[in-house]
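As provided, input.cif (mmCIF, C-alpha atoms and all ligand atoms) reads as follows.
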data_my_file
loop_
_atom_site.group_PDB
_atom_site.id
_atom_site.type_symbol
_atom_site.label_atom_id
_atom_site.label_comp_id
_atom_site.auth_asym_id
_atom_site.auth_seq_id
_atom_site.Cartn_x
_atom_site.Cartn_y
_atom_site.Cartn_z
ATOM 1 C CA MET A 80 -2.162 -2.106 20.473
ATOM 2 C CA ILE A 81 -4.051 -4.286 18.019
ATOM 3 C CA GLU A 82 -3.975 -8.010 18.544
ATOM 4 C CA GLN A 83 -3.543 -9.393 15.064
ATOM 5 C CA ARG A 84 -0.863 -7.077 13.795
ATOM 6 C CA ARG A 85 0.314 -8.659 10.619
ATOM 7 C CA LEU A 86 -1.561 -8.320 7.348
ATOM 8 C CA GLY A 87 1.151 -10.088 5.440
ATOM 9 C CA PRO A 88 3.690 -10.140 3.986
ATOM 10 C CA VAL A 89 1.495 -9.762 0.905
ATOM 11 C CA VAL A 90 1.417 -8.126 -2.493
ATOM 12 C CA GLY A 91 -1.699 -5.990 -2.905
ATOM 13 C CA LEU A 92 -2.861 -3.771 -5.760
ATOM 14 C CA GLY A 93 -2.623 0.026 -5.850
ATOM 15 C CA THR A 94 -4.971 2.048 -8.055
ATOM 16 C CA TRP A 95 -3.312 5.443 -8.547
ATOM 17 C CA ASN A 96 -3.121 6.472 -12.201
ATOM 18 C CA THR A 97 -3.749 3.023 -13.659
ATOM 19 C CA PHE A 98 -7.465 2.700 -14.419
ATOM 20 C CA GLY A 99 -9.291 5.736 -13.000
ATOM 21 C CA SER A 100 -12.869 5.581 -14.236
ATOM 22 C CA ASP A 101 -12.068 2.997 -16.964
ATOM 23 C CA ALA A 102 -14.277 0.163 -15.709
ATOM 24 C CA THR A 103 -13.132 -2.310 -18.381
ATOM 25 C CA THR A 104 -9.455 -2.013 -17.492
ATOM 26 C CA ALA A 105 -10.312 -2.088 -13.789
ATOM 27 C CA GLY A 106 -12.343 -5.286 -14.290
ATOM 28 C CA GLU A 107 -9.509 -7.008 -16.144
ATOM 29 C CA VAL A 108 -6.717 -5.956 -13.788
ATOM 30 C CA VAL A 109 -8.685 -6.710 -10.628
ATOM 31 C CA ALA A 110 -9.868 -10.106 -11.914
ATOM 32 C CA ALA A 111 -6.280 -11.041 -12.816
ATOM 33 C CA ALA A 112 -5.042 -9.895 -9.411
ATOM 34 C CA LEU A 113 -7.743 -11.837 -7.536
ATOM 35 C CA GLY A 114 -7.008 -14.897 -9.668
ATOM 36 C CA ALA A 115 -3.341 -14.636 -8.683
ATOM 37 C CA GLY A 116 -4.213 -14.501 -4.982
ATOM 38 C CA VAL A 117 -4.148 -10.731 -4.375
ATOM 39 C CA ARG A 118 -6.553 -9.778 -1.591
ATOM 40 C CA LEU A 119 -5.568 -6.226 -0.558
ATOM 41 C CA PHE A 120 -6.752 -3.338 -2.764
ATOM 42 C CA ASP A 121 -5.773 0.275 -2.095
ATOM 43 C CA SER A 122 -7.569 3.356 -3.397
ATOM 44 C CA SER A 123 -8.480 6.954 -2.554
ATOM 45 C CA PRO A 124 -10.979 9.677 -3.446
ATOM 46 C CA MET A 125 -7.937 11.386 -5.029
ATOM 47 C CA TYR A 126 -7.558 8.663 -7.687
ATOM 48 C CA ARG A 127 -9.958 10.060 -10.304
ATOM 49 C CA GLY A 128 -12.771 7.538 -10.358
ATOM 50 C CA ALA A 129 -10.666 4.572 -9.252
ATOM 51 C CA GLU A 130 -12.769 3.869 -6.145
ATOM 52 C CA ALA A 131 -15.979 3.469 -8.165
ATOM 53 C CA SER A 132 -14.211 1.305 -10.785
ATOM 54 C CA LEU A 133 -12.599 -0.806 -8.084
ATOM 55 C CA GLY A 134 -15.934 -1.257 -6.314
ATOM 56 C CA GLY A 135 -17.536 -2.500 -9.540
ATOM 57 C CA ALA A 136 -14.616 -4.776 -10.371
ATOM 58 C CA LEU A 137 -14.599 -6.350 -6.898
ATOM 59 C CA GLU A 138 -18.328 -6.914 -6.726
ATOM 60 C CA PRO A 139 -18.400 -10.568 -7.865
ATOM 61 C CA ARG A 140 -15.760 -11.518 -5.271
ATOM 62 C CA ARG A 141 -16.116 -8.760 -2.694
ATOM 63 C CA ALA A 142 -16.045 -11.125 0.300
ATOM 64 C CA GLU A 143 -12.506 -12.228 -0.583
ATOM 65 C CA ALA A 144 -11.073 -8.705 -0.719
ATOM 66 C CA THR A 145 -9.699 -6.327 1.881
ATOM 67 C CA VAL A 146 -10.442 -2.767 0.780
ATOM 68 C CA ALA A 147 -8.006 -0.124 1.999
ATOM 69 C CA THR A 148 -9.135 3.304 0.911
ATOM 70 C CA LYS A 149 -8.741 6.829 2.225
ATOM 71 C CA ILE A 150 -10.378 9.979 3.478
ATOM 72 C CA TRP A 151 -8.834 12.975 1.738
ATOM 73 C CA ALA A 152 -10.687 16.016 2.969
ATOM 74 C CA SER A 153 -10.035 19.254 4.788
ATOM 75 C CA SER A 154 -13.333 19.140 6.716
ATOM 76 C CA VAL A 155 -15.206 16.461 8.620
ATOM 77 C CA ASP A 156 -18.348 17.009 6.513
ATOM 78 C CA GLU A 157 -16.428 16.358 3.308
ATOM 79 C CA GLY A 158 -14.701 13.351 4.893
ATOM 80 C CA ARG A 159 -18.036 11.881 5.943
ATOM 81 C CA SER A 160 -19.459 12.304 2.423
ATOM 82 C CA GLN A 161 -16.432 10.509 0.978
ATOM 83 C CA TYR A 162 -17.026 7.683 3.446
ATOM 84 C CA ALA A 163 -20.737 7.488 2.547
ATOM 85 C CA ARG A 164 -19.835 7.060 -1.135
ATOM 86 C CA GLN A 165 -17.269 4.397 -0.273
ATOM 87 C CA VAL A 166 -19.894 2.425 1.631
ATOM 88 C CA GLU A 167 -22.050 2.534 -1.520
ATOM 89 C CA TRP A 168 -19.210 1.312 -3.720
ATOM 90 C CA PHE A 169 -17.643 -1.269 -1.404
ATOM 91 C CA GLY A 170 -20.385 -2.209 1.076
ATOM 92 C CA ARG A 171 -17.879 -1.518 3.844
ATOM 93 C CA VAL A 172 -14.253 -0.430 4.168
ATOM 94 C CA GLU A 173 -11.841 -2.747 5.970
ATOM 95 C CA ILE A 174 -8.916 -0.301 6.280
ATOM 96 C CA GLU A 175 -9.755 3.407 6.288
ATOM 97 C CA GLN A 176 -6.721 5.666 6.003
ATOM 98 C CA VAL A 177 -6.311 9.413 6.437
ATOM 99 C CA HIS A 178 -4.722 10.451 3.132
ATOM 100 C CA ASN A 179 -1.632 12.683 3.333
ATOM 101 C CA LEU A 180 -2.397 13.469 6.996
ATOM 102 C CA ALA A 181 -5.229 15.763 5.791
ATOM 103 C CA ALA A 182 -7.003 17.180 8.885
ATOM 104 C CA TRP A 183 -6.006 13.927 10.607
ATOM 105 C CA ARG A 184 -6.921 14.888 14.157
ATOM 106 C CA ASP A 185 -10.442 15.951 13.100
ATOM 107 C CA GLN A 186 -11.026 12.915 10.882
ATOM 108 C CA LEU A 187 -9.716 10.539 13.541
ATOM 109 C CA GLU A 188 -12.451 11.546 15.994
ATOM 110 C CA TRP A 189 -15.323 10.217 13.893
ATOM 111 C CA LEU A 190 -13.323 7.424 12.262
ATOM 112 C CA GLU A 191 -12.566 5.977 15.692
ATOM 113 C CA ARG A 192 -16.293 5.677 16.309
ATOM 114 C CA GLU A 193 -16.665 3.777 13.023
ATOM 115 C CA ARG A 194 -13.951 1.383 14.197
ATOM 116 C CA GLU A 195 -15.372 1.037 17.718
ATOM 117 C CA GLU A 196 -18.750 0.150 16.302
ATOM 118 C CA GLY A 197 -17.208 -2.396 13.929
ATOM 119 C CA ARG A 198 -18.008 -0.676 10.638
ATOM 120 C CA VAL A 199 -14.317 -0.414 9.748
ATOM 121 C CA ASP A 200 -11.666 -2.883 10.924
ATOM 122 C CA LYS A 201 -8.536 -0.748 11.014
ATOM 123 C CA LEU A 202 -7.547 2.905 10.786
ATOM 124 C CA GLY A 203 -4.481 4.071 8.925
ATOM 125 C CA VAL A 204 -2.613 7.222 8.007
ATOM 126 C CA THR A 205 -0.492 7.914 4.933
ATOM 127 C CA HIS A 206 2.030 10.317 3.484
ATOM 128 C CA TYR A 207 4.227 10.162 0.418
ATOM 129 C CA ASP A 208 6.689 12.945 1.186
ATOM 130 C CA ALA A 209 9.689 12.808 3.507
ATOM 131 C CA SER A 210 9.056 16.388 4.679
ATOM 132 C CA ALA A 211 5.877 15.106 6.398
ATOM 133 C CA PHE A 212 7.446 12.068 8.094
ATOM 134 C CA GLY A 213 7.901 13.941 11.402
ATOM 135 C CA GLU A 214 4.173 14.587 11.563
ATOM 136 C CA LEU A 215 3.451 11.042 10.439
ATOM 137 C CA ALA A 216 5.513 9.822 13.411
ATOM 138 C CA THR A 217 3.538 12.157 15.715
ATOM 139 C CA ALA A 218 0.299 10.642 14.410
ATOM 140 C CA LEU A 219 1.571 7.090 15.004
ATOM 141 C CA ARG A 220 2.702 7.946 18.535
ATOM 142 C CA THR A 221 -0.895 8.744 19.491
ATOM 143 C CA GLY A 222 -1.431 4.970 19.439
ATOM 144 C CA ARG A 223 -4.743 5.528 17.647
ATOM 145 C CA PHE A 224 -3.727 4.145 14.237
ATOM 146 C CA ASP A 225 -3.392 0.453 13.332
ATOM 147 C CA VAL A 226 -1.786 0.949 9.907
ATOM 148 C CA VAL A 227 0.653 3.340 8.239
ATOM 149 C CA GLN A 228 1.175 3.697 4.486
ATOM 150 C CA LEU A 229 4.508 5.111 3.314
ATOM 151 C CA PRO A 230 6.941 4.987 0.359
ATOM 152 C CA TYR A 231 9.736 2.418 0.467
ATOM 153 C CA ASN A 232 12.008 1.065 -2.283
ATOM 154 C CA PRO A 233 15.794 0.747 -2.771
ATOM 155 C CA ARG A 234 16.041 4.406 -3.802
ATOM 156 C CA GLU A 235 13.674 5.823 -1.175
ATOM 157 C CA ARG A 236 14.763 4.642 2.257
ATOM 158 C CA GLU A 237 14.077 7.631 4.556
ATOM 159 C CA VAL A 238 11.479 5.585 6.460
ATOM 160 C CA GLU A 239 14.246 3.337 7.791
ATOM 161 C CA HIS A 240 15.391 6.131 10.146
ATOM 162 C CA GLU A 241 12.304 6.622 12.259
ATOM 163 C CA LEU A 242 9.024 5.337 10.833
ATOM 164 C CA LEU A 243 9.786 1.645 10.348
ATOM 165 C CA PRO A 244 11.361 1.203 13.811
ATOM 166 C CA LEU A 245 8.456 3.145 15.336
ATOM 167 C CA ALA A 246 5.810 1.071 13.540
ATOM 168 C CA ALA A 247 7.539 -2.126 14.690
ATOM 169 C CA GLU A 248 7.743 -0.862 18.272
ATOM 170 C CA LEU A 249 4.063 0.157 18.351
ATOM 171 C CA GLY A 250 2.772 -2.928 16.505
ATOM 172 C CA ILE A 251 1.486 -0.888 13.563
ATOM 173 C CA SER A 252 1.056 -2.607 10.193
ATOM 174 C CA VAL A 253 3.013 -1.098 7.297
ATOM 175 C CA ILE A 254 1.676 -0.815 3.733
ATOM 176 C CA VAL A 255 4.253 0.285 1.167
ATOM 177 C CA MET A 256 3.327 2.668 -1.644
ATOM 178 C CA ARG A 257 5.613 3.262 -4.654
ATOM 179 C CA PRO A 258 7.441 -0.104 -4.304
ATOM 180 C CA LEU A 259 8.535 0.289 -7.956
ATOM 181 C CA GLY A 260 9.292 3.986 -7.549
ATOM 182 C CA GLU A 261 6.202 4.853 -9.658
ATOM 183 C CA GLY A 262 7.876 2.931 -12.480
ATOM 184 C CA ALA A 263 11.151 4.913 -12.293
ATOM 185 C CA LEU A 264 13.011 1.859 -10.963
ATOM 186 C CA LEU A 265 12.008 -0.085 -14.062
ATOM 187 C CA ARG A 266 13.769 2.184 -16.564
ATOM 188 C CA ARG A 267 16.936 0.083 -16.444
ATOM 189 C CA VAL A 268 16.036 -3.573 -16.294
ATOM 190 C CA PRO A 269 18.853 -5.867 -15.141
ATOM 191 C CA GLY A 270 19.450 -8.891 -17.371
ATOM 192 C CA ALA A 271 18.913 -12.569 -16.593
ATOM 193 C CA ALA A 272 22.543 -13.059 -15.535
ATOM 194 C CA GLU A 273 22.328 -10.233 -13.002
ATOM 195 C CA LEU A 274 19.106 -11.657 -11.568
ATOM 196 C CA ALA A 275 20.379 -15.263 -11.528
ATOM 197 C CA PRO A 276 21.301 -15.265 -7.778
ATOM 198 C CA LEU A 277 17.636 -14.440 -7.005
ATOM 199 C CA ARG A 278 16.129 -17.297 -9.002
ATOM 200 C CA ASP A 279 16.107 -19.703 -6.053
ATOM 201 C CA PHE A 280 13.923 -17.144 -4.279
ATOM 202 C CA GLY A 281 11.256 -17.469 -6.977
ATOM 203 C CA VAL A 282 12.301 -14.244 -8.719
ATOM 204 C CA GLU A 283 12.002 -14.284 -12.510
ATOM 205 C CA THR A 284 11.717 -10.572 -13.284
ATOM 206 C CA TRP A 285 13.076 -7.244 -12.070
ATOM 207 C CA PRO A 286 9.716 -5.946 -10.715
ATOM 208 C CA GLN A 287 9.478 -9.155 -8.657
ATOM 209 C CA ALA A 288 12.999 -8.548 -7.288
ATOM 210 C CA LEU A 289 12.000 -5.034 -6.180
ATOM 211 C CA LEU A 290 8.768 -6.211 -4.561
ATOM 212 C CA LYS A 291 10.530 -9.039 -2.758
ATOM 213 C CA TRP A 292 13.163 -6.560 -1.557
ATOM 214 C CA VAL A 293 10.364 -4.589 0.146
ATOM 215 C CA LEU A 294 8.548 -7.595 1.613
ATOM 216 C CA SER A 295 11.716 -9.226 2.906
ATOM 217 C CA ASP A 296 11.991 -6.477 5.513
ATOM 218 C CA GLU A 297 10.179 -8.035 8.476
ATOM 219 C CA ARG A 298 8.626 -4.698 9.419
ATOM 220 C CA ILE A 299 6.643 -4.547 6.181
ATOM 221 C CA ASP A 300 3.201 -6.121 5.823
ATOM 222 C CA ALA A 301 2.223 -5.255 2.270
ATOM 223 C CA ALA A 302 3.474 -3.739 -0.980
ATOM 224 C CA ILE A 303 0.784 -2.360 -3.295
ATOM 225 C CA PRO A 304 2.197 -1.964 -6.823
ATOM 226 C CA ALA A 305 -0.223 -0.435 -9.320
ATOM 227 C CA THR A 306 -0.568 -1.589 -12.907
ATOM 228 C CA SER A 307 -2.932 -1.092 -15.842
ATOM 229 C CA ARG A 308 -1.932 -4.492 -17.293
ATOM 230 C CA PRO A 309 -3.544 -7.733 -16.084
ATOM 231 C CA GLU A 310 -0.479 -9.868 -16.846
ATOM 232 C CA ARG A 311 1.660 -7.546 -14.718
ATOM 233 C CA ALA A 312 -0.744 -7.888 -11.799
ATOM 234 C CA VAL A 313 -0.111 -11.653 -11.985
ATOM 235 C CA GLU A 314 3.651 -11.180 -12.325
ATOM 236 C CA ASN A 315 3.719 -8.861 -9.304
ATOM 237 C CA ALA A 316 1.565 -11.160 -7.179
ATOM 238 C CA ARG A 317 4.158 -13.932 -7.513
ATOM 239 C CA ALA A 318 6.614 -11.851 -5.472
ATOM 240 C CA GLY A 319 4.368 -12.280 -2.435
ATOM 241 C CA GLU A 320 5.511 -15.809 -1.736
ATOM 242 C CA ALA A 321 8.364 -17.118 0.417
ATOM 243 C CA PRO A 322 11.303 -17.668 0.462
ATOM 244 C CA TRP A 323 12.291 -14.161 1.486
ATOM 245 C CA PHE A 324 15.595 -12.450 0.753
ATOM 246 C CA GLY A 325 18.394 -12.315 3.278
ATOM 247 C CA VAL A 326 20.916 -9.503 3.677
ATOM 248 C CA GLU A 327 22.957 -10.554 0.619
ATOM 249 C CA GLU A 328 20.019 -10.686 -1.782
ATOM 250 C CA ARG A 329 18.702 -7.344 -0.566
ATOM 251 C CA ALA A 330 22.156 -5.817 -1.067
ATOM 252 C CA LEU A 331 22.258 -7.184 -4.617
ATOM 253 C CA VAL A 332 18.892 -5.578 -5.458
ATOM 254 C CA GLU A 333 20.114 -2.271 -3.979
ATOM 255 C CA GLU A 334 23.211 -2.466 -6.166
ATOM 256 C CA LEU A 335 21.193 -3.260 -9.295
ATOM 257 C CA ALA A 336 18.757 -0.408 -8.546
ATOM 258 C CA ARG A 337 21.508 2.248 -8.401
HETATM 259 N N1 LIG B 401 2.712 7.574 -5.557
HETATM 260 C C1 LIG B 401 2.264 8.071 -4.422
HETATM 261 O O1 LIG B 401 2.699 9.136 -3.968
HETATM 262 C C2 LIG B 401 1.209 7.359 -3.644
HETATM 263 C C3 LIG B 401 0.691 8.030 -2.604
HETATM 264 C C4 LIG B 401 -0.231 7.387 -1.825
HETATM 265 C C5 LIG B 401 -0.608 6.105 -2.108
HETATM 266 N N2 LIG B 401 -0.111 5.452 -3.172
HETATM 267 C C6 LIG B 401 -0.591 4.078 -3.418
HETATM 268 O O2 LIG B 401 0.495 3.219 -3.698
HETATM 269 C C7 LIG B 401 0.255 2.561 -4.945
HETATM 270 C C8 LIG B 401 1.549 2.186 -5.600
HETATM 271 O O3 LIG B 401 2.337 3.313 -5.900
HETATM 272 P P1 LIG B 401 2.430 3.923 -7.354
HETATM 273 O O4 LIG B 401 1.288 3.454 -8.167
HETATM 274 O O5 LIG B 401 2.602 5.375 -7.222
HETATM 275 O O6 LIG B 401 3.800 3.358 -7.937
HETATM 276 P P2 LIG B 401 4.402 1.887 -8.207
HETATM 277 O O7 LIG B 401 3.420 0.832 -7.845
HETATM 278 O O8 LIG B 401 5.740 1.902 -7.587
HETATM 279 O O9 LIG B 401 4.608 1.917 -9.789
HETATM 280 C C9 LIG B 401 3.527 1.888 -10.674
HETATM 281 C C10 LIG B 401 4.065 1.897 -12.088
HETATM 282 O O10 LIG B 401 4.808 0.703 -12.331
HETATM 283 C C11 LIG B 401 4.372 0.093 -13.540
HETATM 284 N N3 LIG B 401 4.386 -1.373 -13.315
HETATM 285 C C12 LIG B 401 3.733 -2.065 -12.341
HETATM 286 N N4 LIG B 401 4.022 -3.379 -12.398
HETATM 287 C C13 LIG B 401 4.867 -3.525 -13.450
HETATM 288 C C14 LIG B 401 5.519 -4.653 -14.029
HETATM 289 N N5 LIG B 401 5.382 -5.885 -13.529
HETATM 290 N N6 LIG B 401 6.319 -4.440 -15.119
HETATM 291 C C15 LIG B 401 6.488 -3.191 -15.620
HETATM 292 N N7 LIG B 401 5.888 -2.100 -15.118
HETATM 293 C C16 LIG B 401 5.098 -2.259 -14.044
HETATM 294 C C17 LIG B 401 3.002 0.620 -13.833
HETATM 295 O O11 LIG B 401 2.831 0.816 -15.217
HETATM 296 P P3 LIG B 401 1.771 -0.067 -16.072
HETATM 297 O O12 LIG B 401 0.417 0.431 -15.702
HETATM 298 O O13 LIG B 401 2.164 0.259 -17.484
HETATM 299 O O14 LIG B 401 2.000 -1.507 -15.699
HETATM 300 C C18 LIG B 401 2.993 1.975 -13.123
HETATM 301 O O15 LIG B 401 3.409 2.991 -14.017
HETATM 302 C C19 LIG B 401 -0.605 3.586 -5.696
HETATM 303 O O16 LIG B 401 -1.231 3.027 -6.818
HETATM 304 C C20 LIG B 401 -1.535 3.995 -4.620
HETATM 305 O O17 LIG B 401 -2.554 3.009 -4.419
HETATM 306 C C21 LIG B 401 0.802 6.062 -3.945
#
Go through the file and emit its structure as structure tokens.
Amino acid sequence: MIEQRRLGPVVGLGTWNTFGSDATTAGEVVAAALGAGVRLFDSSPMYRGAEASLGGALEPRRAEATVATKIWASSVDEGRSQYARQVEWFGRVEIEQVHNLAAWRDQLEWLEREREEGRVDKLGVTHYDASAFGELATALRTGRFDVVQLPYNPREREVEHELLPLAAELGISVIVMRPLGEGALLRRVPGAAELAPLRDFGVETWPQALLKWVLSDERIDAAIPATSRPERAVENARAGEAPWFGVEERALVEELAR
């Protein structure tokens, strides 16, 4: 079990589908996020150029950032080449995750050596689909991962059955993907009157209510909303501050998200 379990609760920045290889947008969004206090940045070789753009955007303030990226490969050779490119872009990787459980037993062998020798800090494993949560639990039970990344929002709560209790029991940090349901939860935006009971919790907008809903679960360490808009990165970051919701506020957000 790792000693310093908790990464958060924090709001990080995801990079799926928001800037890809567009270095200008990446620079603006990442600078805004850093300025608002965001320190955790998630990427993957799957995200069409996002790793390279993120690496460039972080360069001026790299020491302040925690880079969580992924190995998404069916063979060890391919996984190692992805890692070599990441080291070029980021200098080092703080949290290296096995993306979508791809060849996870094979990748874990060499990744554990990287961790043992101090070149990565933590190892993680991710999946987005509930049909893979049984295998994700199997991977966590090996005790060889420090971090799990999974989907969690008021409309996607499958992880409450097994994965969140298991992560808490094993002392595994939890990073939440899709905290805004890939934007689907933002199609109906509750009005100011509906959000009024959340104002004392620092919530001014609906995306902030959803992010605070995620982070108010004590088992969660980080939510990593993605955005292509700098001002939204700032808005989202504000949800990473206490006070946290209690049962009543969480229930209200669930009701509003229906
Ligand atoms: N989706 C997956 O299956 C998956 C899998 C593995 C890992 N991840 C990781 O998890 C991260 C987060 O998940 P996600 O990107 O799929 O979904 P998400 O963060 O739940 O939603 C992203 C969407 O929300 C919009 N958005 C963000 N902040 C907003 C705001 N304040 N106001 C209005 N719209 C806002 C963005 O559009 P704009 O650009 O227009 O702001 C974007 O379309 C990914 O980027 C990735 O790093 C995701």
Output check: residues returned by the PyMOL selection byres (((not hetatm)) within 7 of (chain B and resi 401)), as a ChimeraX atom specification: /A:92-97,121-122,205-207,255-262,265,286,303-308,311-312,314-315
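What the PyMOL selection byres (((chain A and resi 125-132) around 8) and not hetatm) picks from this file is Thr94, Trp95, Asn96, Phe98, Gly99, Ser100, Asp101, Ala102, Ala105, Gly106, Ser122, Ser123, Pro124, Leu133, Gly134, Gly135, Ala136, Thr148, Trp151, Gln165 and Trp168 of chain A.
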Selection near Arg267 of chain A, 10 Å with all atoms listed in the file, sequence-local residues under 2 positions removed, as a PyMOL selection string: chain A and resi 263-265+269-270+285+335-337
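Atom to atom, atom CA of Glu157 of chain A and atom CA of Glu143 of chain A stand 29.1 Å apart.
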Exactly which residues make up the result of the PyMOL selection byres (((chain A and resi 319-331) around 10) and not hetatm) on this file, given as an mmCIF file with C-alpha atoms, in the coordinates of the input?
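Saved the output as expr.cif:
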data_model
loop_
_atom_site.group_PDB
_atom_site.id
_atom_site.type_symbol
_atom_site.label_atom_id
_atom_site.label_comp_id
_atom_site.auth_asym_id
_atom_site.auth_seq_id
_atom_site.Cartn_x
_atom_site.Cartn_y
_atom_site.Cartn_z
ATOM 1 C CA GLY A 87 1.151 -10.088 5.440
ATOM 2 C CA PRO A 88 3.690 -10.140 3.986
ATOM 3 C CA VAL A 89 1.495 -9.762 0.905
ATOM 4 C CA VAL A 90 1.417 -8.126 -2.493
ATOM 5 C CA GLY A 91 -1.699 -5.990 -2.905
ATOM 6 C CA GLY A 116 -4.213 -14.501 -4.982
ATOM 7 C CA VAL A 117 -4.148 -10.731 -4.375
ATOM 8 C CA PRO A 233 15.794 0.747 -2.771
ATOM 9 C CA GLU A 273 22.328 -10.233 -13.002
ATOM 10 C CA LEU A 274 19.106 -11.657 -11.568
ATOM 11 C CA PRO A 276 21.301 -15.265 -7.778
ATOM 12 C CA LEU A 277 17.636 -14.440 -7.005
ATOM 13 C CA ASP A 279 16.107 -19.703 -6.053
ATOM 14 C CA PHE A 280 13.923 -17.144 -4.279
ATOM 15 C CA GLY A 281 11.256 -17.469 -6.977
ATOM 16 C CA VAL A 282 12.301 -14.244 -8.719
ATOM 17 C CA GLN A 287 9.478 -9.155 -8.657
ATOM 18 C CA ALA A 288 12.999 -8.548 -7.288
ATOM 19 C CA LEU A 289 12.000 -5.034 -6.180
ATOM 20 C CA LEU A 290 8.768 -6.211 -4.561
ATOM 21 C CA LYS A 291 10.530 -9.039 -2.758
ATOM 22 C CA TRP A 292 13.163 -6.560 -1.557
ATOM 23 C CA VAL A 293 10.364 -4.589 0.146
ATOM 24 C CA LEU A 294 8.548 -7.595 1.613
ATOM 25 C CA SER A 295 11.716 -9.226 2.906
ATOM 26 C CA ASP A 296 11.991 -6.477 5.513
ATOM 27 C CA GLU A 297 10.179 -8.035 8.476
ATOM 28 C CA ALA A 301 2.223 -5.255 2.270
ATOM 29 C CA ALA A 302 3.474 -3.739 -0.980
ATOM 30 C CA GLU A 314 3.651 -11.180 -12.325
ATOM 31 C CA ASN A 315 3.719 -8.861 -9.304
ATOM 32 C CA ALA A 316 1.565 -11.160 -7.179
ATOM 33 C CA ARG A 317 4.158 -13.932 -7.513
ATOM 34 C CA ALA A 318 6.614 -11.851 -5.472
ATOM 35 C CA VAL A 332 18.892 -5.578 -5.458
ATOM 36 C CA GLU A 333 20.114 -2.271 -3.979
ATOM 37 C CA GLU A 334 23.211 -2.466 -6.166
ATOM 38 C CA LEU A 335 21.193 -3.260 -9.295
ATOM 39 C CA ALA A 336 18.757 -0.408 -8.546
#
Find, counting all atoms listed in the file, the residue in A:Val226, A:Ala218, A:Arg141, A:Arg159 that gets nearest to Glu193 of chain A.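 Of the candidates, the smallest distance to Glu193 of chain A is held by A:Arg159.
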Could you write segment 311-322 of chain A as an mmCIF file, in the frame of the given file, with N, CA, C and O atoms rebuilt where they are missing?
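Writing done, so here's selection-v7.cif:
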data_model
loop_
_atom_site.group_PDB
_atom_site.id
_atom_site.type_symbol
_atom_site.label_atom_id
_atom_site.label_comp_id
_atom_site.auth_asym_id
_atom_site.auth_seq_id
_atom_site.Cartn_x
_atom_site.Cartn_y
_atom_site.Cartn_z
ATOM 1 N N ARG A 311 0.694 -8.071 -15.698
ATOM 2 C CA ARG A 311 1.660 -7.546 -14.718
ATOM 3 C C ARG A 311 1.141 -7.709 -13.295
ATOM 4 O O ARG A 311 1.929 -7.878 -12.359
ATOM 5 N N ALA A 312 -0.177 -7.651 -13.134
ATOM 6 C CA ALA A 312 -0.744 -7.888 -11.799
ATOM 7 C C ALA A 312 -0.402 -9.314 -11.357
ATOM 8 O O ALA A 312 -0.067 -9.562 -10.196
ATOM 9 N N VAL A 313 -0.435 -10.247 -12.292
ATOM 10 C CA VAL A 313 -0.111 -11.653 -11.985
ATOM 11 C C VAL A 313 1.386 -11.781 -11.685
ATOM 12 O O VAL A 313 1.791 -12.406 -10.700
ATOM 13 N N GLU A 314 2.184 -11.154 -12.530
ATOM 14 C CA GLU A 314 3.651 -11.180 -12.325
ATOM 15 C C GLU A 314 4.004 -10.629 -10.943
ATOM 16 O O GLU A 314 4.776 -11.228 -10.196
ATOM 17 N N ASN A 315 3.408 -9.503 -10.588
ATOM 18 C CA ASN A 315 3.719 -8.861 -9.304
ATOM 19 C C ASN A 315 3.269 -9.728 -8.132
ATOM 20 O O ASN A 315 3.983 -9.851 -7.123
ATOM 21 N N ALA A 316 2.101 -10.344 -8.279
ATOM 22 C CA ALA A 316 1.565 -11.160 -7.179
ATOM 23 C C ALA A 316 2.527 -12.292 -6.806
ATOM 24 O O ALA A 316 2.625 -12.674 -5.638
ATOM 25 N N ARG A 317 3.255 -12.796 -7.780
ATOM 26 C CA ARG A 317 4.158 -13.932 -7.513
ATOM 27 C C ARG A 317 5.288 -13.565 -6.552
ATOM 28 O O ARG A 317 5.912 -14.450 -5.958
ATOM 29 N N ALA A 318 5.540 -12.263 -6.400
ATOM 30 C CA ALA A 318 6.614 -11.851 -5.472
ATOM 31 C C ALA A 318 6.163 -11.937 -4.017
ATOM 32 O O ALA A 318 6.958 -11.747 -3.101
ATOM 33 N N GLY A 319 4.892 -12.241 -3.803
ATOM 34 C CA GLY A 319 4.368 -12.280 -2.435
ATOM 35 C C GLY A 319 4.486 -13.638 -1.773
ATOM 36 O O GLY A 319 3.776 -13.927 -0.817
ATOM 37 N N GLU A 320 5.359 -14.468 -2.308
ATOM 38 C CA GLU A 320 5.511 -15.809 -1.736
ATOM 39 C C GLU A 320 6.922 -16.010 -1.223
ATOM 40 O O GLU A 320 7.881 -15.542 -1.814
ATOM 41 N N ALA A 321 7.048 -16.751 -0.110
ATOM 42 C CA ALA A 321 8.364 -17.118 0.417
ATOM 43 C C ALA A 321 9.075 -17.983 -0.634
ATOM 44 O O ALA A 321 8.404 -18.514 -1.529
ATOM 45 N N PRO A 322 10.390 -18.155 -0.576
ATOM 46 C CA PRO A 322 11.303 -17.668 0.462
ATOM 47 C C PRO A 322 11.640 -16.184 0.318
ATOM 48 O O PRO A 322 11.626 -15.639 -0.781
#
